[in-house]
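J.: Right, I'll just put the structure down here and ask away after.
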Amino acid sequence: MVVLSQPAALDHLSDLIKACKPTSLFTGIPVVDLSDPEAKHHIVKACEDYGLFKLVNHGVPLDFMTTLEAQALKFFNLPQSEKEKAGPAEPFGYGSKRIGPNGDVGWIEYILLNTNPDIISPKSLSIFKENPEIFRDAVLDYICAVKKMTFEVLELMVDGLGIEPRNVLSNLLREDKSDCCFRLNYYPPCPELQALRGRNLIGFGEHTDPQIISVLRSNNTSGLQISLKDGTWVSVPPDQNSFFINVGDCLQVMSNGRFKSVKHRVLADTTSSRISMIFFGGPPLSEKIAPLPSLMAEGEESLYKEFTWWCEYKKSAYKSRLADYRLGLFEKSVPMMSNSQF
């Protein structure tokens, strides 16, 4: 926490303020063209080097993105008392500032939804009193298209790794009982930031994503930062027409550490709101997570103990803080001190 000697109006932000070194937009983010015959190799290389890549020519209709963004903004611009009728997030529904159960906070509002159309939170839909079906249809159209794209990415990834069957990863997300979810994040502008003189307002604190894969699309407001292997934080240039694909903790384990779950965060902006849409592709709750045998070289030892997604990983994650290194509990080798090594 940074104690400010400046305007009292900033006192309520003190828990979210952090002195971050200035970063310029990083031009080295790998770009993968999904229509490129060599895409499978580019995906693997990007996951090894950065744990993240930008996906272009992805096949998701642009109007699905813009329609859902417009509907989300309509929600987030409602009076606070109206939005709160869709909360609290338990875990699905509307939430504001509070991230998780253990004290983490951010300059953020969000809606968390189950990707099963039969389980989409009635609380989230009830807020759209006039035409709730418009929002519902926008969400379902978007999720359906993004899921299809994600399956293709995972299958190309497996092709690039040279293992079989090619649906070994995508099938975990296809299952009816898969633990996938969808999140709409809204980071309001904060004009008070101008008084911080080099300090930053944390929108969403540093963390890795727990699942197999995360698929992010945002508007053209910057704010997303990733940590490189040497621990340096860099800013990811926004691109509202493309997707950013993140390696999650489960995929790091399943690749036996070949791919790294990328540590990332979001900083708030002084004048522009940022809105992002993230599909989190998780395995079924009962799935046992371990390095894929087909990916292990002869004599290669597993770096991780097998664990179940729900009973072991998620239950332990619920007891941790956002920035904690959650995979340390399941490593066989000397534990890493933090994700910053990635």
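Chain labels A, B, ... are given in the sequence in which chains occur in the structure tokens; within each chain residues are numbered consecutively from 1, and ligands are likewise numbered from 1 in the order shown.
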Write out as JSON lines a residue-level contact list of range 127-237 of chain A versus range 96-116 of chain A with cut-off 8 Å: for each qualifying residue the closest pair of atoms and the distance in Å to one decimal, counting only C-alpha atoms, rows sorted by chain and residue number upward.
T.:
{"residue": "A:Ile143", "atom": "CA", "partner": "A:Thr115", "partner_atom": "CA", "distance": 7.2}
{"residue": "A:Cys180", "atom": "CA", "partner": "A:Thr115", "partner_atom": "CA", "distance": 6.0}
{"residue": "A:Cys181", "atom": "CA", "partner": "A:Asn114", "partner_atom": "CA", "distance": 4.7}
{"residue": "A:Phe182", "atom": "CA", "partner": "A:Leu113", "partner_atom": "CA", "distance": 5.1}
{"residue": "A:Arg183", "atom": "CA", "partner": "A:Leu112", "partner_atom": "CA", "distance": 4.5}
{"residue": "A:Leu184", "atom": "CA", "partner": "A:Ile111", "partner_atom": "CA", "distance": 5.2}
{"residue": "A:Asn185", "atom": "CA", "partner": "A:Tyr110", "partner_atom": "CA", "distance": 4.4}
{"residue": "A:Tyr186", "atom": "CA", "partner": "A:Glu109", "partner_atom": "CA", "distance": 5.1}
{"residue": "A:Tyr187", "atom": "CA", "partner": "A:Ile108", "partner_atom": "CA", "distance": 4.8}
{"residue": "A:Pro188", "atom": "CA", "partner": "A:Ile108", "partner_atom": "CA", "distance": 7.0}
{"residue": "A:Leu201", "atom": "CA", "partner": "A:Trp107", "partner_atom": "CA", "distance": 7.2}
{"residue": "A:Ile202", "atom": "CA", "partner": "A:Gly106", "partner_atom": "CA", "distance": 5.7}
{"residue": "A:Gly203", "atom": "CA", "partner": "A:Trp107", "partner_atom": "CA", "distance": 4.2}
{"residue": "A:Phe204", "atom": "CA", "partner": "A:Gly106", "partner_atom": "CA", "distance": 5.1}
{"residue": "A:Gly205", "atom": "CA", "partner": "A:Gly106", "partner_atom": "CA", "distance": 6.8}
J.: Check range 118-315 of chain A with DSSP on the backbone and list each residue it calls strand (DSSP E or B), as number ranges by chain.
T.: A: 178, 181-187, 200-207, 213-218, 224-227, 233-235, 243-247, 264-267, 274-281, 284, 288-289, 304, 307-308
J.: For CA of Asp239 in chain A and CA of Phe135 in chain A, determine how far apart the two atoms are, in Å to one decimal place.
T.: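 Distance reported for this atom pair: 23.2 Å.
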J.: Range 252-326 of chain A near range 218-227 of chain A within 12 Å: what's each residue's closest atom pair and its distance in Å to one decimal, counting only C-alpha atoms, ordered by chain then ascending residue number, as CSV?
T.:
residue,atom,partner,partner_atom,distance
A:Lys260,CA,A:Ser227,CA,11.2
A:Ser261,CA,A:Ser227,CA,10.4
A:Val262,CA,A:Ile226,CA,6.9
A:Lys263,CA,A:Ser227,CA,5.5
A:His264,CA,A:Ile226,CA,4.2
A:Arg265,CA,A:Gln225,CA,5.4
A:Val266,CA,A:Leu224,CA,4.5
A:Leu267,CA,A:Gly223,CA,4.8
A:Ala268,CA,A:Gly223,CA,6.2
A:Asp269,CA,A:Gly223,CA,7.0
A:Thr270,CA,A:Thr221,CA,10.7
A:Thr271,CA,A:Thr221,CA,9.7
A:Ser272,CA,A:Thr221,CA,6.6
A:Ser273,CA,A:Thr221,CA,6.8
A:Arg274,CA,A:Thr221,CA,5.3
A:Ile275,CA,A:Ser218,CA,5.6
A:Ser276,CA,A:Ser218,CA,4.0
A:Met277,CA,A:Ser218,CA,6.2
A:Ile278,CA,A:Ser218,CA,8.6
A:Phe279,CA,A:Ser218,CA,11.8
J.: Limited to all heavy atoms, could you put the picked residues into a file as a short mmCIF file (atom, residue, chain, number, x, y, z; two decimals), in the first residue's frame?
T.:
data_model
loop_
_atom_site.label_atom_id
_atom_site.label_comp_id
_atom_site.auth_asym_id
_atom_site.auth_seq_id
_atom_site.Cartn_x
_atom_site.Cartn_y
_atom_site.Cartn_z
N LYS A 260 4.47 -22.17 -19.97
CA LYS A 260 4.42 -21.47 -18.69
C LYS A 260 3.13 -20.65 -18.58
O LYS A 260 2.78 -19.90 -19.49
CB LYS A 260 5.63 -20.54 -18.55
CG LYS A 260 6.97 -21.27 -18.53
CD LYS A 260 7.09 -22.22 -17.35
CE LYS A 260 8.47 -22.88 -17.30
NZ LYS A 260 8.59 -23.86 -16.21
N SER A 261 2.46 -20.80 -17.45
CA SER A 261 1.27 -20.01 -17.17
C SER A 261 1.70 -18.57 -16.95
O SER A 261 2.50 -18.28 -16.06
CB SER A 261 0.60 -20.57 -15.91
OG SER A 261 -0.60 -19.90 -15.61
N VAL A 262 1.22 -17.67 -17.79
CA VAL A 262 1.74 -16.31 -17.81
C VAL A 262 1.16 -15.46 -16.69
O VAL A 262 -0.05 -15.43 -16.47
CB VAL A 262 1.49 -15.64 -19.19
CG1 VAL A 262 0.00 -15.53 -19.49
CG2 VAL A 262 2.14 -14.28 -19.26
N LYS A 263 2.05 -14.77 -15.97
CA LYS A 263 1.62 -13.88 -14.92
C LYS A 263 1.23 -12.55 -15.54
O LYS A 263 1.97 -11.99 -16.37
CB LYS A 263 2.77 -13.67 -13.93
CG LYS A 263 2.41 -12.94 -12.66
CD LYS A 263 3.64 -12.90 -11.74
CE LYS A 263 3.33 -12.28 -10.41
NZ LYS A 263 4.52 -12.22 -9.54
N HIS A 264 0.06 -12.02 -15.16
CA HIS A 264 -0.43 -10.79 -15.78
C HIS A 264 -1.23 -9.96 -14.79
O HIS A 264 -1.60 -10.44 -13.72
CB HIS A 264 -1.25 -11.11 -17.04
CG HIS A 264 -2.38 -12.08 -16.81
ND1 HIS A 264 -2.18 -13.43 -16.61
CD2 HIS A 264 -3.73 -11.90 -16.74
CE1 HIS A 264 -3.34 -14.03 -16.44
NE2 HIS A 264 -4.30 -13.12 -16.51
N ARG A 265 -1.50 -8.71 -15.16
CA ARG A 265 -2.27 -7.79 -14.33
C ARG A 265 -2.88 -6.73 -15.25
O ARG A 265 -2.53 -6.63 -16.43
CB ARG A 265 -1.38 -7.12 -13.28
CG ARG A 265 -0.31 -6.20 -13.87
CD ARG A 265 0.68 -5.72 -12.83
NE ARG A 265 1.67 -4.81 -13.40
CZ ARG A 265 2.79 -4.44 -12.79
NH1 ARG A 265 3.07 -4.92 -11.58
NH2 ARG A 265 3.64 -3.61 -13.36
N VAL A 266 -3.78 -5.93 -14.68
CA VAL A 266 -4.40 -4.84 -15.44
C VAL A 266 -4.30 -3.56 -14.60
O VAL A 266 -4.63 -3.57 -13.40
CB VAL A 266 -5.88 -5.13 -15.77
CG1 VAL A 266 -6.53 -3.92 -16.46
CG2 VAL A 266 -5.99 -6.37 -16.67
N LEU A 267 -3.85 -2.48 -15.24
CA LEU A 267 -3.80 -1.17 -14.60
C LEU A 267 -4.92 -0.31 -15.13
O LEU A 267 -5.27 -0.39 -16.33
CB LEU A 267 -2.45 -0.49 -14.87
CG LEU A 267 -1.20 -1.27 -14.43
CD1 LEU A 267 0.05 -0.44 -14.69
CD2 LEU A 267 -1.27 -1.67 -12.96
N ALA A 268 -5.49 0.53 -14.27
CA ALA A 268 -6.59 1.41 -14.68
C ALA A 268 -6.07 2.58 -15.49
O ALA A 268 -4.88 2.92 -15.46
CB ALA A 268 -7.35 1.89 -13.45
N ASP A 269 -6.98 3.23 -16.21
CA ASP A 269 -6.65 4.37 -17.07
C ASP A 269 -7.30 5.64 -16.50
O ASP A 269 -8.32 5.58 -15.83
CB ASP A 269 -7.15 4.11 -18.49
CG ASP A 269 -6.63 5.11 -19.49
OD1 ASP A 269 -5.53 4.89 -20.03
OD2 ASP A 269 -7.31 6.12 -19.74
N THR A 270 -6.69 6.79 -16.80
CA THR A 270 -7.22 8.05 -16.26
C THR A 270 -8.48 8.51 -16.98
O THR A 270 -9.39 9.07 -16.35
CB THR A 270 -6.17 9.17 -16.36
OG1 THR A 270 -5.76 9.28 -17.73
CG2 THR A 270 -4.98 8.86 -15.49
N THR A 271 -8.57 8.28 -18.27
CA THR A 271 -9.66 8.88 -19.05
C THR A 271 -10.56 7.89 -19.77
O THR A 271 -11.69 8.23 -20.10
CB THR A 271 -9.07 9.84 -20.11
OG1 THR A 271 -8.17 9.12 -20.96
CG2 THR A 271 -8.32 10.99 -19.44
N SER A 272 -10.07 6.69 -20.03
CA SER A 272 -10.84 5.74 -20.84
C SER A 272 -11.19 4.49 -20.05
O SER A 272 -10.36 3.98 -19.28
CB SER A 272 -10.05 5.35 -22.10
OG SER A 272 -9.74 6.48 -22.88
N SER A 273 -12.39 3.99 -20.25
CA SER A 273 -12.78 2.73 -19.62
C SER A 273 -12.23 1.57 -20.45
O SER A 273 -12.08 1.66 -21.67
CB SER A 273 -14.29 2.62 -19.51
OG SER A 273 -14.89 2.63 -20.79
N ARG A 274 -11.92 0.50 -19.77
CA ARG A 274 -11.48 -0.72 -20.44
C ARG A 274 -12.52 -1.80 -20.18
O ARG A 274 -12.97 -1.97 -19.03
CB ARG A 274 -10.12 -1.18 -19.92
CG ARG A 274 -9.65 -2.54 -20.47
CD ARG A 274 -8.29 -2.93 -19.90
NE ARG A 274 -7.97 -4.33 -20.18
CZ ARG A 274 -7.37 -4.78 -21.28
NH1 ARG A 274 -7.01 -3.91 -22.21
NH2 ARG A 274 -7.13 -6.07 -21.44
N ILE A 275 -12.91 -2.51 -21.22
CA ILE A 275 -13.81 -3.63 -21.04
C ILE A 275 -13.19 -4.84 -21.70
O ILE A 275 -12.64 -4.76 -22.80
CB ILE A 275 -15.22 -3.33 -21.61
CG1 ILE A 275 -16.19 -4.44 -21.22
CG2 ILE A 275 -15.20 -3.11 -23.11
CD1 ILE A 275 -17.64 -4.05 -21.32
N SER A 276 -13.20 -5.95 -20.99
CA SER A 276 -12.62 -7.18 -21.52
C SER A 276 -13.59 -8.34 -21.33
O SER A 276 -14.42 -8.33 -20.42
CB SER A 276 -11.28 -7.48 -20.87
OG SER A 276 -11.41 -7.62 -19.47
N MET A 277 -13.45 -9.31 -22.21
CA MET A 277 -14.29 -10.50 -22.19
C MET A 277 -13.34 -11.70 -22.17
O MET A 277 -12.50 -11.82 -23.06
CB MET A 277 -15.16 -10.57 -23.45
CG MET A 277 -15.82 -9.27 -23.82
SD MET A 277 -16.49 -9.36 -25.51
CE MET A 277 -17.13 -7.69 -25.67
N ILE A 278 -13.47 -12.55 -21.18
CA ILE A 278 -12.53 -13.66 -21.05
C ILE A 278 -13.28 -14.98 -20.93
O ILE A 278 -14.12 -15.16 -20.04
CB ILE A 278 -11.60 -13.51 -19.83
CG1 ILE A 278 -10.99 -12.11 -19.79
CG2 ILE A 278 -10.48 -14.55 -19.90
CD1 ILE A 278 -11.65 -11.19 -18.82
N PHE A 279 -12.96 -15.90 -21.83
CA PHE A 279 -13.46 -17.28 -21.73
C PHE A 279 -12.36 -18.10 -21.08
O PHE A 279 -11.22 -18.13 -21.54
CB PHE A 279 -13.77 -17.84 -23.11
CG PHE A 279 -14.01 -19.33 -23.13
CD1 PHE A 279 -15.16 -19.85 -22.57
CD2 PHE A 279 -13.09 -20.20 -23.68
CE1 PHE A 279 -15.39 -21.23 -22.56
CE2 PHE A 279 -13.29 -21.57 -23.68
CZ PHE A 279 -14.45 -22.09 -23.12
#
J.: Can you tell me, as a short mmCIF file (atom, residue, chain, number, x, y, z; two decimals) with all heavy atoms, in the first residue's frame, what residues are no more than 10 Å from range 153-170 of chain A when counting only C-alpha atoms, ignoring any on the same chain fewer than 2 positions away?
T.:
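Saved result, selection_6.cif, follows:
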data_model
loop_
_atom_site.label_atom_id
_atom_site.label_comp_id
_atom_site.auth_asym_id
_atom_site.auth_seq_id
_atom_site.Cartn_x
_atom_site.Cartn_y
_atom_site.Cartn_z
N LEU A 34 -4.50 -17.84 -37.51
CA LEU A 34 -5.14 -19.16 -37.43
C LEU A 34 -5.30 -19.82 -38.79
O LEU A 34 -5.44 -21.03 -38.88
CB LEU A 34 -6.51 -19.03 -36.74
CG LEU A 34 -7.13 -20.31 -36.19
CD1 LEU A 34 -6.20 -21.02 -35.22
CD2 LEU A 34 -8.46 -20.02 -35.51
N PRO A 37 -0.94 -22.30 -42.46
CA PRO A 37 -0.64 -23.74 -42.34
C PRO A 37 0.41 -24.05 -41.27
O PRO A 37 0.47 -25.17 -40.76
CB PRO A 37 -0.13 -24.11 -43.73
CG PRO A 37 -0.72 -23.08 -44.64
CD PRO A 37 -0.77 -21.81 -43.84
N GLU A 38 1.24 -23.07 -40.94
CA GLU A 38 2.27 -23.27 -39.91
C GLU A 38 1.82 -22.83 -38.52
O GLU A 38 2.64 -22.77 -37.60
CB GLU A 38 3.54 -22.51 -40.31
CG GLU A 38 4.19 -23.00 -41.58
CD GLU A 38 4.65 -24.45 -41.45
OE1 GLU A 38 5.36 -24.76 -40.47
OE2 GLU A 38 4.27 -25.26 -42.31
N ALA A 39 0.54 -22.53 -38.37
CA ALA A 39 0.03 -22.01 -37.10
C ALA A 39 0.36 -22.92 -35.93
O ALA A 39 0.66 -22.46 -34.82
CB ALA A 39 -1.48 -21.78 -37.19
N LYS A 40 0.31 -24.23 -36.15
CA LYS A 40 0.54 -25.16 -35.04
C LYS A 40 1.93 -24.98 -34.43
O LYS A 40 2.10 -25.08 -33.21
CB LYS A 40 0.34 -26.61 -35.50
CG LYS A 40 1.27 -27.05 -36.62
CD LYS A 40 0.94 -28.48 -37.08
CE LYS A 40 1.89 -28.93 -38.18
NZ LYS A 40 1.55 -30.31 -38.64
N HIS A 41 2.92 -24.71 -35.27
CA HIS A 41 4.28 -24.53 -34.76
C HIS A 41 4.42 -23.17 -34.06
O HIS A 41 5.11 -23.06 -33.04
CB HIS A 41 5.28 -24.64 -35.90
CG HIS A 41 5.23 -25.96 -36.62
ND1 HIS A 41 5.46 -27.16 -35.97
CD2 HIS A 41 4.96 -26.27 -37.92
CE1 HIS A 41 5.34 -28.16 -36.84
NE2 HIS A 41 5.05 -27.64 -38.02
N HIS A 42 3.76 -22.15 -34.60
CA HIS A 42 3.82 -20.82 -34.00
C HIS A 42 3.15 -20.81 -32.63
O HIS A 42 3.60 -20.12 -31.70
CB HIS A 42 3.17 -19.79 -34.92
CG HIS A 42 3.84 -19.67 -36.26
ND1 HIS A 42 5.20 -19.67 -36.41
CD2 HIS A 42 3.32 -19.53 -37.52
CE1 HIS A 42 5.51 -19.54 -37.69
NE2 HIS A 42 4.39 -19.47 -38.38
N ILE A 43 2.06 -21.56 -32.49
CA ILE A 43 1.36 -21.64 -31.21
C ILE A 43 2.26 -22.25 -30.14
O ILE A 43 2.39 -21.72 -29.03
CB ILE A 43 0.05 -22.46 -31.35
CG1 ILE A 43 -0.98 -21.66 -32.17
CG2 ILE A 43 -0.51 -22.84 -29.98
CD1 ILE A 43 -2.22 -22.46 -32.53
N VAL A 44 2.90 -23.36 -30.47
CA VAL A 44 3.79 -24.03 -29.51
C VAL A 44 4.95 -23.12 -29.11
O VAL A 44 5.27 -22.98 -27.92
CB VAL A 44 4.31 -25.36 -30.09
CG1 VAL A 44 5.43 -25.93 -29.22
CG2 VAL A 44 3.18 -26.37 -30.23
N LYS A 45 5.56 -22.46 -30.08
CA LYS A 45 6.70 -21.58 -29.80
C LYS A 45 6.27 -20.43 -28.89
O LYS A 45 6.98 -20.07 -27.94
CB LYS A 45 7.26 -21.03 -31.11
CG LYS A 45 8.52 -20.17 -30.96
CD LYS A 45 9.71 -21.03 -30.59
CE LYS A 45 11.04 -20.31 -30.79
NZ LYS A 45 11.18 -19.05 -30.08
N CYS A 47 3.76 -20.35 -26.77
CA CYS A 47 3.44 -20.85 -25.42
C CYS A 47 4.71 -21.17 -24.64
O CYS A 47 4.74 -21.02 -23.42
CB CYS A 47 2.54 -22.08 -25.53
SG CYS A 47 0.88 -21.73 -26.13
N LEU A 55 -4.02 -13.77 -31.45
CA LEU A 55 -4.59 -14.59 -32.51
C LEU A 55 -5.36 -13.72 -33.49
O LEU A 55 -6.27 -12.98 -33.09
CB LEU A 55 -5.52 -15.65 -31.91
CG LEU A 55 -6.00 -16.75 -32.84
CD1 LEU A 55 -4.84 -17.66 -33.25
CD2 LEU A 55 -7.10 -17.59 -32.18
N HIS A 58 -9.19 -15.26 -36.80
CA HIS A 58 -9.69 -16.27 -35.88
C HIS A 58 -11.06 -16.82 -36.23
O HIS A 58 -11.48 -17.83 -35.69
CB HIS A 58 -9.73 -15.70 -34.47
CG HIS A 58 -10.27 -14.30 -34.42
ND1 HIS A 58 -11.60 -14.02 -34.65
CD2 HIS A 58 -9.65 -13.12 -34.20
CE1 HIS A 58 -11.79 -12.71 -34.57
NE2 HIS A 58 -10.62 -12.13 -34.29
N LYS A 147 -15.74 -20.71 -28.21
CA LYS A 147 -15.46 -22.11 -27.89
C LYS A 147 -14.96 -22.86 -29.13
O LYS A 147 -13.96 -23.59 -29.06
CB LYS A 147 -16.73 -22.79 -27.37
CG LYS A 147 -16.97 -22.64 -25.89
CD LYS A 147 -18.17 -23.50 -25.49
CE LYS A 147 -18.40 -23.51 -23.99
NZ LYS A 147 -19.56 -24.37 -23.63
N LYS A 148 -15.63 -22.67 -30.24
CA LYS A 148 -15.23 -23.35 -31.48
C LYS A 148 -13.80 -22.98 -31.85
O LYS A 148 -12.99 -23.84 -32.23
CB LYS A 148 -16.20 -22.97 -32.61
CG LYS A 148 -15.89 -23.63 -33.94
CD LYS A 148 -16.89 -23.21 -35.01
CE LYS A 148 -16.54 -23.83 -36.36
NZ LYS A 148 -17.49 -23.39 -37.42
N MET A 149 -13.47 -21.70 -31.75
CA MET A 149 -12.13 -21.24 -32.04
C MET A 149 -11.12 -21.84 -31.06
O MET A 149 -10.02 -22.26 -31.44
CB MET A 149 -12.08 -19.72 -31.97
CG MET A 149 -10.70 -19.11 -32.18
SD MET A 149 -10.66 -17.38 -31.67
CE MET A 149 -10.75 -17.55 -29.87
N THR A 150 -11.49 -21.89 -29.78
CA THR A 150 -10.60 -22.42 -28.75
C THR A 150 -10.30 -23.89 -28.98
O THR A 150 -9.16 -24.34 -28.82
CB THR A 150 -11.20 -22.20 -27.36
OG1 THR A 150 -11.51 -20.82 -27.17
CG2 THR A 150 -10.24 -22.65 -26.27
N PHE A 151 -11.31 -24.66 -29.36
CA PHE A 151 -11.08 -26.07 -29.66
C PHE A 151 -10.06 -26.21 -30.79
O PHE A 151 -9.16 -27.06 -30.73
CB PHE A 151 -12.39 -26.75 -30.09
CG PHE A 151 -13.47 -26.74 -29.04
CD1 PHE A 151 -14.81 -26.85 -29.40
CD2 PHE A 151 -13.17 -26.62 -27.69
CE1 PHE A 151 -15.81 -26.85 -28.45
CE2 PHE A 151 -14.17 -26.62 -26.72
CZ PHE A 151 -15.50 -26.73 -27.11
N LEU A 172 -11.51 -31.98 -23.05
CA LEU A 172 -11.74 -31.61 -21.65
C LEU A 172 -12.67 -30.41 -21.55
O LEU A 172 -13.42 -30.28 -20.59
CB LEU A 172 -10.40 -31.29 -20.98
CG LEU A 172 -9.42 -32.46 -20.84
CD1 LEU A 172 -8.10 -31.97 -20.26
CD2 LEU A 172 -10.01 -33.55 -19.95
N LEU A 173 -12.62 -29.54 -22.56
CA LEU A 173 -13.50 -28.37 -22.57
C LEU A 173 -14.85 -28.69 -23.20
O LEU A 173 -15.85 -28.02 -22.92
CB LEU A 173 -12.85 -27.23 -23.36
CG LEU A 173 -11.87 -26.33 -22.59
CD1 LEU A 173 -10.68 -27.14 -22.06
CD2 LEU A 173 -11.36 -25.21 -23.49
N ARG A 174 -14.88 -29.70 -24.06
CA ARG A 174 -16.13 -30.06 -24.75
C ARG A 174 -17.11 -30.79 -23.84
O ARG A 174 -18.31 -30.77 -24.08
CB ARG A 174 -15.82 -30.96 -25.95
CG ARG A 174 -15.38 -30.22 -27.20
CD ARG A 174 -15.45 -31.16 -28.40
NE ARG A 174 -15.22 -30.47 -29.66
CZ ARG A 174 -14.05 -30.43 -30.29
NH1 ARG A 174 -13.01 -31.06 -29.76
NH2 ARG A 174 -13.92 -29.79 -31.42
N GLU A 175 -16.60 -31.44 -22.82
CA GLU A 175 -17.46 -32.25 -21.96
C GLU A 175 -18.55 -31.39 -21.31
O GLU A 175 -18.31 -30.24 -20.94
CB GLU A 175 -16.63 -32.94 -20.87
CG GLU A 175 -15.77 -34.08 -21.39
CD GLU A 175 -15.27 -34.95 -20.26
OE1 GLU A 175 -15.91 -34.96 -19.18
OE2 GLU A 175 -14.24 -35.61 -20.44
N ILE A 212 -7.00 -24.39 -18.07
CA ILE A 212 -6.14 -24.87 -19.15
C ILE A 212 -5.75 -23.71 -20.06
O ILE A 212 -4.57 -23.52 -20.39
CB ILE A 212 -6.86 -25.97 -19.97
CG1 ILE A 212 -7.09 -27.20 -19.10
CG2 ILE A 212 -6.06 -26.34 -21.23
CD1 ILE A 212 -7.96 -28.27 -19.74
N ILE A 213 -6.74 -22.92 -20.44
CA ILE A 213 -6.51 -21.86 -21.41
C ILE A 213 -7.48 -20.71 -21.14
O ILE A 213 -8.59 -20.93 -20.67
CB ILE A 213 -6.69 -22.40 -22.85
CG1 ILE A 213 -6.14 -21.44 -23.90
CG2 ILE A 213 -8.14 -22.78 -23.13
CD1 ILE A 213 -6.07 -22.04 -25.31
N ILE A 245 -4.44 -15.22 -26.24
CA ILE A 245 -4.57 -16.56 -25.68
C ILE A 245 -3.52 -16.75 -24.59
O ILE A 245 -2.33 -16.57 -24.83
CB ILE A 245 -4.36 -17.63 -26.78
CG1 ILE A 245 -5.20 -17.32 -28.03
CG2 ILE A 245 -4.68 -19.01 -26.22
CD1 ILE A 245 -6.69 -17.34 -27.82
N LEU A 251 -2.47 -26.20 -17.96
CA LEU A 251 -1.70 -26.50 -19.17
C LEU A 251 -0.20 -26.53 -18.88
O LEU A 251 0.55 -27.30 -19.48
CB LEU A 251 -2.02 -25.49 -20.27
CG LEU A 251 -1.44 -25.78 -21.66
CD1 LEU A 251 -1.78 -27.18 -22.13
CD2 LEU A 251 -1.93 -24.74 -22.66
N MET A 254 0.19 -29.99 -17.52
CA MET A 254 -0.02 -31.03 -18.54
C MET A 254 1.11 -31.06 -19.56
O MET A 254 1.37 -32.10 -20.17
CB MET A 254 -1.37 -30.82 -19.21
CG MET A 254 -2.54 -30.97 -18.25
SD MET A 254 -4.15 -30.57 -18.96
CE MET A 254 -4.51 -32.11 -19.80
N SER A 255 1.79 -29.93 -19.74
CA SER A 255 2.94 -29.89 -20.65
C SER A 255 4.24 -30.17 -19.89
O SER A 255 5.33 -30.06 -20.46
CB SER A 255 3.03 -28.54 -21.34
OG SER A 255 3.34 -27.51 -20.41
N GLY A 281 -11.24 -21.76 -20.16
CA GLY A 281 -11.47 -23.16 -20.50
C GLY A 281 -10.91 -24.08 -19.44
O GLY A 281 -9.69 -24.29 -19.36
N PRO A 283 -11.15 -27.89 -17.08
CA PRO A 283 -11.53 -29.30 -17.20
C PRO A 283 -12.72 -29.63 -16.32
O PRO A 283 -13.14 -28.80 -15.51
CB PRO A 283 -10.28 -30.01 -16.70
CG PRO A 283 -9.73 -29.08 -15.66
CD PRO A 283 -10.01 -27.69 -16.17
N LEU A 292 1.00 -34.97 -19.50
CA LEU A 292 0.50 -35.92 -20.49
C LEU A 292 1.58 -36.96 -20.79
O LEU A 292 2.68 -36.60 -21.22
CB LEU A 292 0.11 -35.20 -21.77
CG LEU A 292 -1.05 -34.22 -21.68
CD1 LEU A 292 -1.17 -33.42 -22.97
CD2 LEU A 292 -2.35 -34.97 -21.40
N PRO A 293 1.29 -38.26 -20.60
CA PRO A 293 2.30 -39.29 -20.87
C PRO A 293 2.82 -39.24 -22.30
O PRO A 293 4.02 -39.48 -22.53
CB PRO A 293 1.53 -40.60 -20.59
CG PRO A 293 0.45 -40.20 -19.64
CD PRO A 293 0.05 -38.82 -20.04
N SER A 294 1.95 -38.91 -23.24
CA SER A 294 2.36 -38.89 -24.64
C SER A 294 3.35 -37.77 -24.95
O SER A 294 4.02 -37.79 -25.99
CB SER A 294 1.13 -38.74 -25.55
OG SER A 294 0.39 -37.58 -25.20
N LEU A 295 3.45 -36.80 -24.04
CA LEU A 295 4.35 -35.68 -24.24
C LEU A 295 5.69 -35.87 -23.53
O LEU A 295 6.64 -35.14 -23.78
CB LEU A 295 3.68 -34.39 -23.73
CG LEU A 295 4.30 -33.05 -24.11
CD1 LEU A 295 4.41 -32.92 -25.63
CD2 LEU A 295 3.47 -31.91 -23.55
N MET A 296 5.77 -36.88 -22.69
CA MET A 296 6.98 -37.10 -21.90
C MET A 296 8.00 -37.89 -22.72
O MET A 296 7.69 -38.92 -23.32
CB MET A 296 6.64 -37.88 -20.63
CG MET A 296 5.59 -37.21 -19.77
SD MET A 296 6.25 -35.94 -18.72
CE MET A 296 7.00 -36.94 -17.45
#
J.: Give the answer as one residue: which of A:Gly231, A:Pro238, A:Gly282, A:Gly328 has the shortest atom-to-atom distance to Lys177 in chain A, using only C-alpha atoms?
T.: A:Gly282
J.: Name the residues of range 28-211 of chain A that fall into helix (DSSP H, G or I) according to DSSP on the backbone, using the chain letters and numbers of this document, as a VMD selection string.
T.: chain A and resid 39 to 49 62 to 76 80 to 86 122 to 126 132 to 161 170 to 174 191 to 195
J.: Calculated over only C-alpha atoms, which of the candidates A:Ser316, A:Asn246, A:Thr67, A:Gln252 has the smallest distance to Pro291 in chain A?
T.: A:Gln252
J.: Which neighbours of range 299-313 of chain A fall inside 6 Å, counting only C-alpha atoms, when residues of the same chain fewer than 3 positions from it are skipped, and could you give them as a PyMOL selection string?
T.: chain A and resi 285+287-290+296+316+330-332
J.: Which of these residues is nearest to Leu140 in chain A, using only C-alpha atoms: A:Asp36, A:Glu48, A:Met65, A:Val31?
T.: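 Of the candidates, the smallest distance to Leu140 in chain A is held by A:Met65.
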